[in-house]
file protein_5.tsv (TSV, C-alpha atoms)
chain	number	residue	atom	x	y	z
A	42	MET	CA	-20.71	2.84	-7.00
A	43	SER	CA	-22.49	1.53	-10.13
A	44	ASP	CA	-24.42	-1.40	-11.49
A	45	THR	CA	-21.17	-3.17	-12.42
A	46	SER	CA	-21.54	-6.90	-11.77
A	47	LEU	CA	-19.39	-8.77	-9.30
A	48	ALA	CA	-15.93	-9.57	-10.63
A	49	GLU	CA	-15.45	-13.16	-11.74
A	50	THR	CA	-12.70	-15.11	-9.98
A	51	VAL	CA	-11.01	-17.02	-12.79
A	52	ALA	CA	-8.18	-18.60	-10.79
A	53	GLN	CA	-6.48	-18.71	-7.42
A	54	VAL	CA	-2.73	-18.44	-6.81
A	55	PRO	CA	-1.26	-20.17	-3.72
A	56	LEU	CA	1.23	-18.05	-1.76
A	57	ALA	CA	3.35	-20.07	0.68
A	58	PHE	CA	5.15	-18.25	3.55
A	59	SER	CA	7.24	-21.08	4.94
A	60	ASP	CA	9.76	-18.71	6.54
A	61	TRP	CA	7.42	-16.59	8.69
A	62	LYS	CA	8.62	-17.95	12.03
A	63	PRO	CA	11.61	-15.56	12.47
A	64	ILE	CA	9.10	-12.77	13.12
A	65	ARG	CA	8.38	-13.81	16.69
A	66	HIS	CA	6.30	-10.84	17.78
A	67	LEU	CA	3.46	-11.37	15.32
A	68	GLU	CA	0.18	-12.59	16.77
A	69	ASP	CA	-0.79	-14.13	13.42
A	70	PRO	CA	1.36	-15.72	10.73
A	71	LEU	CA	2.20	-13.53	7.75
A	72	HIS	CA	-0.29	-15.09	5.38
A	73	LYS	CA	-3.17	-13.83	7.54
A	74	ASP	CA	-2.04	-10.19	7.60
A	75	LEU	CA	-0.90	-9.11	4.13
A	76	SER	CA	-1.06	-5.41	3.33
A	77	ALA	CA	0.75	-4.83	0.00
A	78	VAL	CA	1.96	-6.66	-3.10
A	79	THR	CA	4.01	-5.98	-6.23
A	80	ARG	CA	5.46	-8.16	-8.96
A	81	ILE	CA	8.69	-8.10	-10.93
A	82	GLY	CA	9.84	-10.97	-13.14
A	83	ASN	CA	9.09	-14.27	-11.44
A	84	CYS	CA	8.90	-12.66	-7.98
A	85	LEU	CA	6.16	-11.33	-5.78
A	86	PHE	CA	7.18	-8.93	-3.03
A	87	LEU	CA	4.65	-8.66	-0.20
A	88	ALA	CA	4.43	-6.92	3.15
A	89	CYS	CA	2.70	-7.36	6.48
A	90	ASP	CA	1.66	-4.11	8.15
A	91	GLU	CA	2.98	-5.16	11.56
A	92	THR	CA	6.64	-5.64	10.55
A	93	ALA	CA	9.63	-3.71	9.23
A	94	SER	CA	10.33	-6.24	6.50
A	95	VAL	CA	9.38	-7.39	3.03
A	96	GLU	CA	8.78	-10.94	1.88
A	97	ARG	CA	9.80	-12.39	-1.49
A	98	LEU	CA	8.04	-15.33	-3.08
A	99	ARG	CA	9.27	-16.98	-6.28
A	100	ARG	CA	7.07	-18.45	-8.99
A	101	LEU	CA	7.29	-22.25	-8.96
A	102	ASP	CA	6.78	-24.69	-11.80
A	103	ASP	CA	3.14	-25.36	-10.83
A	104	GLY	CA	2.23	-21.64	-10.98
A	105	SER	CA	2.17	-21.16	-7.21
A	106	PHE	CA	4.57	-18.83	-5.38
A	107	GLY	CA	6.88	-20.06	-2.65
A	108	ASP	CA	10.60	-20.34	-1.80
A	109	HIS	CA	9.95	-17.63	0.77
A	110	GLN	CA	12.74	-15.17	1.63
A	111	HIS	CA	12.42	-12.68	4.50
A	112	TYR	CA	14.26	-9.33	4.22
A	113	VAL	CA	14.66	-7.09	7.29
A	114	LEU	CA	14.52	-3.53	6.01
A	115	ASP	CA	16.69	-2.07	8.76
A	116	ALA	CA	19.61	-3.81	7.02
A	117	LEU	CA	18.85	-1.94	3.79
A	118	VAL	CA	17.69	1.50	4.97
A	119	ASP	CA	18.04	3.60	8.11
A	120	LEU	CA	14.89	3.41	10.23
A	121	PRO	CA	14.49	5.78	13.21
A	122	ALA	CA	12.94	3.06	15.39
A	123	GLY	CA	15.15	0.24	14.11
A	124	ALA	CA	14.20	-3.26	13.01
A	125	ASP	CA	11.61	-3.75	15.77
A	126	GLY	CA	9.61	-0.61	15.01
A	127	GLU	CA	6.42	-1.24	13.04
A	128	MET	CA	6.49	0.34	9.57
A	129	ASP	CA	2.83	-0.28	8.73
A	130	ILE	CA	3.83	-0.86	5.11
A	131	GLU	CA	0.75	-0.26	2.97
A	132	GLY	CA	2.22	0.18	-0.50
A	133	LEU	CA	4.83	-1.61	-2.62
A	134	CYS	CA	5.69	-0.93	-6.26
A	135	ALA	CA	8.45	-2.38	-8.45
A	136	ASP	CA	9.57	0.12	-11.08
A	137	GLY	CA	12.80	0.37	-13.03
A	138	SER	CA	14.51	-2.33	-10.95
A	139	PHE	CA	13.74	-0.47	-7.74
A	140	LEU	CA	11.38	-1.62	-5.01
A	141	TRP	CA	9.42	1.37	-3.71
A	142	ILE	CA	7.97	1.21	-0.20
A	143	VAL	CA	5.61	3.49	1.69
A	144	GLY	CA	4.38	3.33	5.27
A	145	SER	CA	0.96	4.57	6.27
A	146	HIS	CA	2.24	7.88	7.71
A	147	SER	CA	-0.58	7.55	10.24
A	148	LEU	CA	-1.17	7.90	13.95
A	149	LYS	CA	-2.57	5.02	15.98
A	150	ARG	CA	-5.08	5.23	18.83
A	151	SER	CA	-4.71	2.61	21.56
A	152	LYS	CA	-7.37	-0.07	21.73
A	153	PRO	CA	-9.66	-0.16	24.79
A	154	LYS	CA	-8.82	-3.83	25.52
A	155	ARG	CA	-12.14	-4.15	27.31
A	156	ASP	CA	-11.50	-7.86	27.99
A	157	GLU	CA	-8.47	-6.88	30.09
A	158	ASN	CA	-9.65	-3.61	31.66
A	159	ASP	CA	-12.67	-2.23	33.42
A	160	SER	CA	-14.74	0.52	31.81
A	161	ALA	CA	-12.71	3.43	33.20
A	162	GLU	CA	-9.35	1.89	32.32
A	163	ALA	CA	-10.57	1.08	28.81
A	164	LEU	CA	-11.64	4.71	28.37
A	165	GLN	CA	-8.27	5.93	29.60
A	166	ASN	CA	-6.46	3.60	27.19
A	167	MET	CA	-8.26	5.24	24.29
A	168	GLU	CA	-6.85	8.63	25.22
A	169	GLU	CA	-3.43	7.48	24.05
A	170	ILE	CA	-2.42	8.31	20.48
A	171	GLU	CA	0.90	6.91	19.33
A	172	ARG	CA	3.26	8.11	16.62
A	173	GLU	CA	5.51	5.32	15.35
A	174	PRO	CA	8.36	6.94	13.37
A	175	ASN	CA	9.00	3.99	11.04
A	176	ARG	CA	5.48	4.45	9.61
A	177	TYR	CA	6.66	7.62	7.86
A	178	PHE	CA	9.00	5.87	5.44
A	179	LEU	CA	8.84	6.59	1.71
A	180	GLY	CA	11.73	5.38	-0.37
A	181	ARG	CA	13.21	2.90	-2.80
A	182	ILE	CA	15.66	0.00	-2.69
A	183	PRO	CA	17.62	-1.41	-5.65
A	184	LEU	CA	16.57	-4.82	-6.91
A	185	VAL	CA	19.39	-7.04	-8.16
A	186	GLU	CA	18.62	-9.78	-10.69
A	187	GLU	CA	20.43	-12.83	-9.31
A	188	ALA	CA	19.12	-15.13	-12.04
A	189	PRO	CA	16.64	-14.58	-14.89
A	190	GLY	CA	13.46	-13.26	-13.28
A	191	LEU	CA	14.76	-13.65	-9.70
A	192	PHE	CA	15.32	-10.36	-7.87
A	193	SER	CA	16.71	-9.55	-4.42
A	194	PRO	CA	16.75	-6.18	-2.61
A	195	ALA	CA	20.13	-4.60	-1.84
A	196	ARG	CA	21.31	-1.40	-0.16
A	197	SER	CA	23.38	-0.60	-3.24
A	198	ASP	CA	24.08	-2.00	-6.68
A	199	GLY	CA	26.78	-0.02	-8.43
A	200	GLU	CA	25.51	3.51	-8.87
A	201	ARG	CA	22.00	2.55	-7.74
A	202	GLN	CA	21.57	3.08	-4.02
A	203	ALA	CA	18.76	2.90	-1.48
A	204	ALA	CA	17.29	6.34	-0.78
A	205	TRP	CA	14.31	7.78	1.06
A	206	LEU	CA	12.63	11.01	2.08
A	207	LYS	CA	14.01	12.48	5.27
A	208	LEU	CA	12.25	11.16	8.34
A	209	GLY	CA	12.89	11.41	12.05
A	210	LYS	CA	11.40	10.43	15.35
A	211	LYS	CA	9.26	13.57	15.58
A	212	ARG	CA	8.51	14.65	12.01
A	213	SER	CA	8.99	13.60	8.40
A	214	ALA	CA	9.52	15.72	5.31
A	215	LEU	CA	6.06	14.89	3.97
A	216	GLU	CA	4.42	15.87	7.25
A	217	ARG	CA	6.22	19.21	7.15
A	218	TRP	CA	5.06	19.95	3.58
A	219	LEU	CA	1.45	19.05	4.39
A	220	ALA	CA	1.21	20.85	7.75
A	221	SER	CA	-0.12	24.05	6.18
A	222	ASP	CA	-2.26	22.36	3.53
A	223	ARG	CA	-5.85	23.58	3.91
A	224	HIS	CA	-7.31	20.25	2.82
A	225	LEU	CA	-4.99	17.81	4.58
A	226	GLY	CA	-3.21	19.67	7.38
A	227	PRO	CA	-6.13	19.38	9.86
A	228	PHE	CA	-6.12	15.59	9.49
A	229	LEU	CA	-2.45	14.98	10.31
A	230	ASN	CA	-3.20	14.78	14.05
A	231	ILE	CA	-6.19	12.46	13.68
A	232	PRO	CA	-5.53	8.70	13.95
A	233	SER	CA	-5.97	6.43	10.98
A	234	LYS	CA	-9.32	4.67	10.61
A	235	GLU	CA	-10.95	7.77	12.10
A	236	ASN	CA	-10.71	9.61	8.75
A	237	GLY	CA	-7.23	10.75	9.74
A	238	PHE	CA	-4.29	10.94	7.35
A	239	ASP	CA	-3.48	7.42	6.14
A	240	ILE	CA	-1.53	6.36	3.03
A	241	GLU	CA	-2.45	2.96	1.60
A	242	GLY	CA	-1.78	3.16	-2.14
A	243	LEU	CA	1.47	3.54	-4.09
A	244	ALA	CA	2.18	3.79	-7.81
A	245	VAL	CA	5.46	4.83	-9.46
A	246	ARG	CA	6.66	5.79	-12.93
A	247	GLY	CA	10.27	6.88	-13.08
A	248	ASN	CA	10.65	9.78	-10.68
A	249	ARG	CA	6.85	10.36	-10.39
A	250	VAL	CA	5.27	8.87	-7.28
A	251	TRP	CA	1.53	8.72	-6.53
A	252	LEU	CA	0.30	8.17	-2.96
A	253	GLY	CA	-3.31	7.07	-2.46
A	254	LEU	CA	-4.96	8.08	0.80
A	255	ARG	CA	-7.38	5.85	2.66
A	256	GLY	CA	-8.16	8.95	4.64
A	257	PRO	CA	-9.11	11.66	4.79
A	258	VAL	CA	-12.03	11.42	2.40
A	259	LEU	CA	-13.33	14.93	1.66
A	260	ARG	CA	-17.03	15.28	0.80
A	261	GLY	CA	-16.93	11.79	-0.70
A	262	HIS	CA	-13.69	12.42	-2.60
A	263	ALA	CA	-10.55	10.34	-2.10
A	264	VAL	CA	-7.18	12.09	-2.30
A	265	ILE	CA	-4.14	11.09	-4.32
A	266	LEU	CA	-0.87	12.98	-3.82
A	267	GLU	CA	1.72	13.13	-6.58
A	268	LEU	CA	5.41	13.88	-6.04
A	269	GLU	CA	8.48	14.02	-8.26
A	270	LEU	CA	11.41	12.53	-6.36
A	271	LYS	CA	15.08	12.57	-7.24
A	272	GLN	CA	18.10	11.23	-5.40
A	273	LYS	CA	20.23	14.04	-3.98
A	274	ALA	CA	22.60	12.04	-1.76
A	275	PRO	CA	23.53	8.35	-1.24
A	276	ASP	CA	20.53	7.83	1.07
A	277	ARG	CA	18.29	10.81	0.37
A	278	LEU	CA	15.38	11.52	-1.96
A	279	LYS	CA	14.12	15.05	-2.40
A	280	ALA	CA	10.85	16.27	-3.90
A	281	GLY	CA	10.91	19.07	-6.45
A	282	ARG	CA	8.46	21.96	-6.45
A	283	ILE	CA	5.80	20.98	-8.96
A	284	ASP	CA	2.68	22.99	-8.02
A	285	GLY	CA	3.72	26.56	-7.42
A	286	GLU	CA	5.69	26.48	-4.17
A	287	ARG	CA	4.30	23.06	-3.25
A	288	ARG	CA	6.30	19.85	-3.57
A	289	TYR	CA	3.21	17.82	-4.41
A	290	ARG	CA	0.06	17.83	-6.51
A	291	LYS	CA	-3.37	16.97	-5.10
A	292	HIS	CA	-5.88	14.97	-7.13
A	293	LEU	CA	-9.39	14.53	-5.69
A	294	LEU	CA	-11.60	11.78	-7.11
A	295	ASP	CA	-15.26	11.14	-6.37
A	296	THR	CA	-15.26	7.64	-4.86
A	297	ARG	CA	-18.63	7.97	-3.10
A	298	GLY	CA	-16.93	8.14	0.28
A	299	LEU	CA	-14.50	5.24	-0.14
A	300	GLY	CA	-10.76	5.49	0.49
A	301	ILE	CA	-7.83	4.28	-1.61
A	302	ARG	CA	-6.53	0.84	-0.61
A	303	ASP	CA	-4.07	0.23	-3.46
A	304	MET	CA	-3.15	1.48	-6.94
A	305	ARG	CA	-1.49	0.16	-10.08
A	306	PHE	CA	-0.83	1.63	-13.52
A	307	GLU	CA	-2.21	-0.10	-16.60
A	308	GLU	CA	-0.66	1.80	-19.51
A	309	ASP	CA	-1.60	5.44	-18.79
A	310	ASP	CA	-4.65	4.59	-16.66
A	311	LEU	CA	-4.40	4.27	-12.90
A	312	LEU	CA	-6.38	1.41	-11.38
A	313	LEU	CA	-7.65	2.13	-7.88
A	314	LEU	CA	-8.70	-0.40	-5.26
A	315	VAL	CA	-11.15	1.46	-3.00
A	316	GLY	CA	-12.93	0.43	0.19
A	317	PRO	CA	-14.12	1.67	3.59
A	318	THR	CA	-11.96	4.41	5.06
A	319	MET	CA	-12.63	3.88	8.79
A	320	SER	CA	-13.04	0.74	10.92
A	321	LEU	CA	-16.03	-0.36	8.92
A	322	GLU	CA	-17.05	-3.45	7.01
A	323	GLY	CA	-18.18	-2.88	3.45
A	324	PRO	CA	-17.73	-3.65	-0.23
A	325	ALA	CA	-14.67	-2.81	-2.29
A	326	PHE	CA	-14.37	-1.78	-5.92
A	327	VAL	CA	-11.73	-1.40	-8.62
A	328	LEU	CA	-11.94	1.95	-10.41
A	329	ARG	CA	-10.11	3.24	-13.47
A	330	TRP	CA	-8.81	6.82	-13.59
A	331	ARG	CA	-8.36	7.30	-17.31
A	332	ASN	CA	-5.13	8.93	-18.54
A	333	ALA	CA	-3.97	9.66	-15.00
A	334	ALA	CA	-0.36	9.69	-16.16
A	335	HIS	CA	-1.05	12.85	-18.21
A	336	ASP	CA	-2.48	14.99	-15.40
A	337	ASP	CA	0.00	17.74	-14.60
A	338	GLY	CA	-1.92	19.93	-12.17
A	339	SER	CA	-3.82	19.76	-8.92
A	340	GLY	CA	-7.59	19.60	-9.03
A	341	VAL	CA	-10.82	17.63	-8.82
A	342	ILE	CA	-10.89	14.96	-11.53
A	343	ALA	CA	-13.86	15.08	-13.90
A	344	PRO	CA	-16.33	12.33	-12.96
A	345	GLU	CA	-16.48	10.97	-16.51
A	346	ARG	CA	-12.80	10.03	-16.25
A	347	ILE	CA	-13.52	7.68	-13.32
A	348	GLU	CA	-14.99	4.31	-14.29
A	349	THR	CA	-16.05	1.43	-12.05
A	350	ILE	CA	-14.66	-1.74	-13.61
A	351	ALA	CA	-15.22	-4.30	-10.85
A	352	GLU	CA	-17.10	-4.85	-7.64
A	353	LEU	CA	-15.33	-7.35	-5.40
A	354	PRO	CA	-17.33	-9.98	-3.50
A	355	TYR	CA	-18.11	-8.78	0.01
A	356	ARG	CA	-17.91	-11.03	3.08
A	357	LEU	CA	-18.44	-9.88	6.65
A	358	HIS	CA	-15.29	-10.00	8.85
A	359	VAL	CA	-13.13	-11.87	6.30
A	360	ASP	CA	-11.45	-11.35	2.90
A	361	HIS	CA	-10.72	-7.63	3.07
A	362	PRO	CA	-9.05	-6.65	-0.26
A	363	GLU	CA	-5.68	-5.02	0.45
A	364	GLY	CA	-3.63	-5.13	-2.73
A	365	ILE	CA	-3.84	-5.45	-6.50
A	366	GLU	CA	-1.36	-6.36	-9.21
A	367	LEU	CA	-1.65	-6.83	-12.96
A	368	TRP	CA	-1.90	-10.50	-13.95
A	369	PRO	CA	-1.68	-10.56	-17.77
A	370	GLU	CA	-1.25	-14.33	-18.11
A	371	ALA	CA	-4.90	-14.69	-17.10
A	372	GLY	CA	-6.12	-12.40	-19.88
A	373	ASN	CA	-6.47	-8.76	-20.80
A	374	GLY	CA	-7.11	-6.66	-17.71
A	375	ALA	CA	-6.80	-9.54	-15.22
A	376	LEU	CA	-5.79	-8.60	-11.66
A	377	LEU	CA	-4.36	-10.43	-8.66
A	378	ILE	CA	-6.14	-9.56	-5.39
A	379	ILE	CA	-4.59	-10.20	-1.97
A	380	TYR	CA	-6.61	-10.08	1.25
A	381	ASP	CA	-6.22	-9.19	4.89
A	382	ALA	CA	-8.14	-11.44	7.32
A	383	PRO	CA	-8.46	-14.23	4.74
A	384	ALA	CA	-11.38	-16.64	5.09
A	385	PRO	CA	-10.42	-20.02	6.60
A	386	GLU	CA	-11.13	-21.87	3.35
A	387	ARG	CA	-8.57	-19.63	1.64
A	388	THR	CA	-5.73	-20.74	3.92
A	389	ASP	CA	-3.74	-23.85	4.79
A	390	PRO	CA	-2.39	-23.34	8.33
A	391	ASP	CA	-0.08	-26.37	8.12
A	392	THR	CA	1.89	-24.89	5.21
A	393	PHE	CA	1.33	-21.16	6.00
A	394	THR	CA	-0.30	-20.80	2.60
A	395	VAL	CA	-3.01	-18.41	1.44
A	396	ARG	CA	-4.70	-18.31	-1.96
A	397	ALA	CA	-4.96	-14.97	-3.75
A	398	ASP	CA	-7.71	-14.43	-6.31
A	399	VAL	CA	-7.28	-13.63	-9.98
A	400	ILE	CA	-10.21	-11.66	-11.34
A	401	CYS	CA	-11.23	-10.47	-14.80
A	402	PRO	CA	-13.09	-7.19	-14.34
A	403	SER	CA	-15.93	-6.20	-16.61
A	404	GLY	CA	-14.70	-3.42	-18.84
A	405	ALA	CA	-11.14	-4.74	-18.51
A	406	GLY	CA	-8.46	-3.29	-20.69
A	407	PRO	CA	-7.35	0.33	-21.04
A	408	ASN	CA	-8.74	0.69	-24.56
A	409	LYS	CA	-12.34	-0.32	-23.74
A	410	SER	CA	-15.00	2.34	-23.38
call {"tool": "encode", "arguments": {"input": "protein_5.tsv", "output": "structure tokens"}}
result
Amino acid sequence: MSDTSLAETVAQVPLAFSDWKPIRHLEDPLHKDLSAVTRIGNCLFLACDETASVERLRRLDDGSFGDHQHYVLDALVDLPAGADGEMDIEGLCADGSFLWIVGSHSLKRSKPKRDENDSAEALQNMEEIEREPNRYFLGRIPLVEEAPGLFSPARSDGERQAAWLKLGKKRSALERWLASDRHLGPFLNIPSKENGFDIEGLAVRGNRVWLGLRGPVLRGHAVILELELKQKAPDRLKAGRIDGERRYRKHLLDTRGLGIRDMRFEEDDLLLLVGPTMSLEGPAFVLRWRNAAHDDGSGVIAPERIETIAELPYRLHVDHPEGIELWPEAGNGALLIIYDAPAPERTDPDTFTVRADVICPSGAGPNKS
């Protein structure tokens, strides 16, 4: 992307998931399969992409996060496939005492399982493409402050109620709006990790919601969708028409072929974690889209508004960056990075603990040029 030097890791934050055992179907414990993170007060909310739940960790006196609480989302929202249906949660964002959640909205191709099948059976397995309806969730849940800095999700809290875009077993509202889109419509029937439609980033300000796509990447440009959502019923969000007859704006950013993996606002700039879009190994970067909050139309973003502020250390088969969060106590512009497939030295299997990195990017801070 640029000649930006590798980001310096200035600290590590232990994350202890002592309560992962209730999720019996997982092949790996939660700390090895994190997909999203957000912070509010003294709490981190995290997700694993193979569950329909969120996990809350509380900041402890030594600066680590523990006191793990597991929240099954089917008790807080209505999911078409119930509590056992995978949501593939790829984005979390705490904003205005709401926890926003987005699933990948992606299709999944079956694995060949060559160790279990002969060549012909493996080939036949890969013909199967599965649509899991819980993956199409986009909505918000009230957060209730039980004690100073300690928040818990609830279906309702007074006038604040859980609400989400309409979704069903066959189609979601977002799929319907995008079906005729000339850029994105052709990719809705292509599985994720094959440059198919795949949401992995989420950022929220009030009723404005930005969705970062891991795929498709179009001529080297990543896609960010922007919606304006308002609650129209006790459990329903609706998107207003904000781009002619469309209910979304499209922002294309030159990322040199990399897809969005996570997003977070820093003042009016949008920080973007970008990495490989398909089933590839490769480096990841943090980019800054300057003054993103002020864009009010669809279009291709001018290249001079996109700045590379950090290159993350690259390791083959381990430590895949999946989420970012602002970490101001470590200095101006500091970020927390969580990883999928964490390296063994990053984990403690006896305590179900993984250590997230805190980095200080070069060019940190929204006012630096």
call {"tool": "residues_around", "arguments": {"input": "protein_5.tsv", "residues": "segment 342-359 of chain A", "least_positions_apart": "5", "cutoff": "6 Å", "atoms": "all atoms listed in the file", "output": "list in words"}}
result
Leu47, Ala48, Leu294, Pro324, Ala325, Phe326, Val327, Leu328, Arg329, Trp330, Arg331, Ala382, Pro383, Ala384, Pro402, Ser403 and Gly404 of chain A
call {"tool": "closest_residue", "arguments": {"input": "protein_5.tsv", "among": "A:Cys401, A:Leu208, A:Leu98, A:Ala57", "to": "Glu370 of chain A", "atoms": "all atoms listed in the file"}}
result
A:Cys401
call {"tool": "residues_around", "arguments": {"input": "protein_5.tsv", "residues": "segment 270-279 of chain A", "least_positions_apart": "3", "cutoff": "8 Å", "atoms": "only C-alpha atoms", "output": "JSON, numbers by chain"}}
result
{"A": [118, 180, 202, 203, 204, 205, 206, 207, 248, 249, 250]}
call {"tool": "residues_around", "arguments": {"input": "protein_5.tsv", "residues": "Leu314 of chain A", "least_positions_apart": "6", "cutoff": "9 Å", "atoms": "all atoms listed in the file", "output": "ChimeraX atom specification"}}
result
/A:242,300-305,325-328,362-365
call {"tool": "axis_aligned_box", "arguments": {"input": "protein_5.tsv", "around": "segment 239-248 of chain A", "padding_each_side": "5 Å", "output": "lines of an AutoDock Vina configuration file"}}
result
center_x = 3.6
center_y = 6.4
center_z = -3.5
size_x = 24.1
size_y = 16.8
size_z = 29.2
call {"tool": "closest_residue", "arguments": {"input": "protein_5.tsv", "among": "A:Val264, A:His361, A:Thr394, A:Ser197", "to": "His224 of chain A", "atoms": "all atoms listed in the file"}}
result
A:Val264
call {"tool": "atom_distance", "arguments": {"input": "protein_5.tsv", "atom1": "atom CA of Leu376 of chain A", "atom2": "atom CA of Cys84 of chain A"}}
result
15.7 Å
call {"tool": "closest_atom_pairs", "arguments": {"input": "protein_5.tsv", "of": "segment 74-93 of chain A", "to": "segment 134-150 of chain A", "cutoff": "7 Å", "atoms": "only C-alpha atoms", "output": "CSV"}}
result
residue,atom,partner,partner_atom,distance
A:Thr79,CA,A:Cys134,CA,5.3
A:Arg80,CA,A:Ala135,CA,6.5
A:Ile81,CA,A:Ala135,CA,6.2
call {"tool": "atom_distance", "arguments": {"input": "protein_5.tsv", "atom1": "atom CA of Val78 of chain A", "atom2": "atom CA of Glu267 of chain A"}}
result
20.1 Å
call {"tool": "atom_distance", "arguments": {"input": "protein_5.tsv", "atom1": "atom CA of Tyr112 of chain A", "atom2": "atom CA of Leu56 of chain A"}}
result
16.8 Å
call {"tool": "residues_around", "arguments": {"input": "protein_5.tsv", "residues": "Lys73 of chain A", "least_positions_apart": "3", "cutoff": "12 Å", "atoms": "all atoms listed in the file", "output": "number ranges by chain"}}
result
A: 56-58, 61, 67-70, 76, 88-91, 359-361, 363, 379-385, 387-390, 393-397
call {"tool": "write_last_selection", "arguments": {"input": "protein_5.tsv", "atoms": "C-alpha atoms", "output": "PDB file, in the coordinates of the input"}}
result
ATOM      1  CA  LEU A  56       1.230 -18.050  -1.760  1.00  0.00           C
ATOM      2  CA  ALA A  57       3.350 -20.070   0.680  1.00  0.00           C
ATOM      3  CA  PHE A  58       5.150 -18.250   3.550  1.00  0.00           C
ATOM      4  CA  TRP A  61       7.420 -16.590   8.690  1.00  0.00           C
ATOM      5  CA  LEU A  67       3.460 -11.370  15.320  1.00  0.00           C
ATOM      6  CA  GLU A  68       0.180 -12.590  16.770  1.00  0.00           C
ATOM      7  CA  ASP A  69      -0.790 -14.130  13.420  1.00  0.00           C
ATOM      8  CA  PRO A  70       1.360 -15.720  10.730  1.00  0.00           C
ATOM      9  CA  SER A  76      -1.060  -5.410   3.330  1.00  0.00           C
ATOM     10  CA  ALA A  88       4.430  -6.920   3.150  1.00  0.00           C
ATOM     11  CA  CYS A  89       2.700  -7.360   6.480  1.00  0.00           C
ATOM     12  CA  ASP A  90       1.660  -4.110   8.150  1.00  0.00           C
ATOM     13  CA  GLU A  91       2.980  -5.160  11.560  1.00  0.00           C
ATOM     14  CA  VAL A 359     -13.130 -11.870   6.300  1.00  0.00           C
ATOM     15  CA  ASP A 360     -11.450 -11.350   2.900  1.00  0.00           C
ATOM     16  CA  HIS A 361     -10.720  -7.630   3.070  1.00  0.00           C
ATOM     17  CA  GLU A 363      -5.680  -5.020   0.450  1.00  0.00           C
ATOM     18  CA  ILE A 379      -4.590 -10.200  -1.970  1.00  0.00           C
ATOM     19  CA  TYR A 380      -6.610 -10.080   1.250  1.00  0.00           C
ATOM     20  CA  ASP A 381      -6.220  -9.190   4.890  1.00  0.00           C
ATOM     21  CA  ALA A 382      -8.140 -11.440   7.320  1.00  0.00           C
ATOM     22  CA  PRO A 383      -8.460 -14.230   4.740  1.00  0.00           C
ATOM     23  CA  ALA A 384     -11.380 -16.640   5.090  1.00  0.00           C
ATOM     24  CA  PRO A 385     -10.420 -20.020   6.600  1.00  0.00           C
ATOM     25  CA  ARG A 387      -8.570 -19.630   1.640  1.00  0.00           C
ATOM     26  CA  THR A 388      -5.730 -20.740   3.920  1.00  0.00           C
ATOM     27  CA  ASP A 389      -3.740 -23.850   4.790  1.00  0.00           C
ATOM     28  CA  PRO A 390      -2.390 -23.340   8.330  1.00  0.00           C
ATOM     29  CA  PHE A 393       1.330 -21.160   6.000  1.00  0.00           C
ATOM     30  CA  THR A 394      -0.300 -20.800   2.600  1.00  0.00           C
ATOM     31  CA  VAL A 395      -3.010 -18.410   1.440  1.00  0.00           C
ATOM     32  CA  ARG A 396      -4.700 -18.310  -1.960  1.00  0.00           C
ATOM     33  CA  ALA A 397      -4.960 -14.970  -3.750  1.00  0.00           C
TER      34      ALA A 397
END
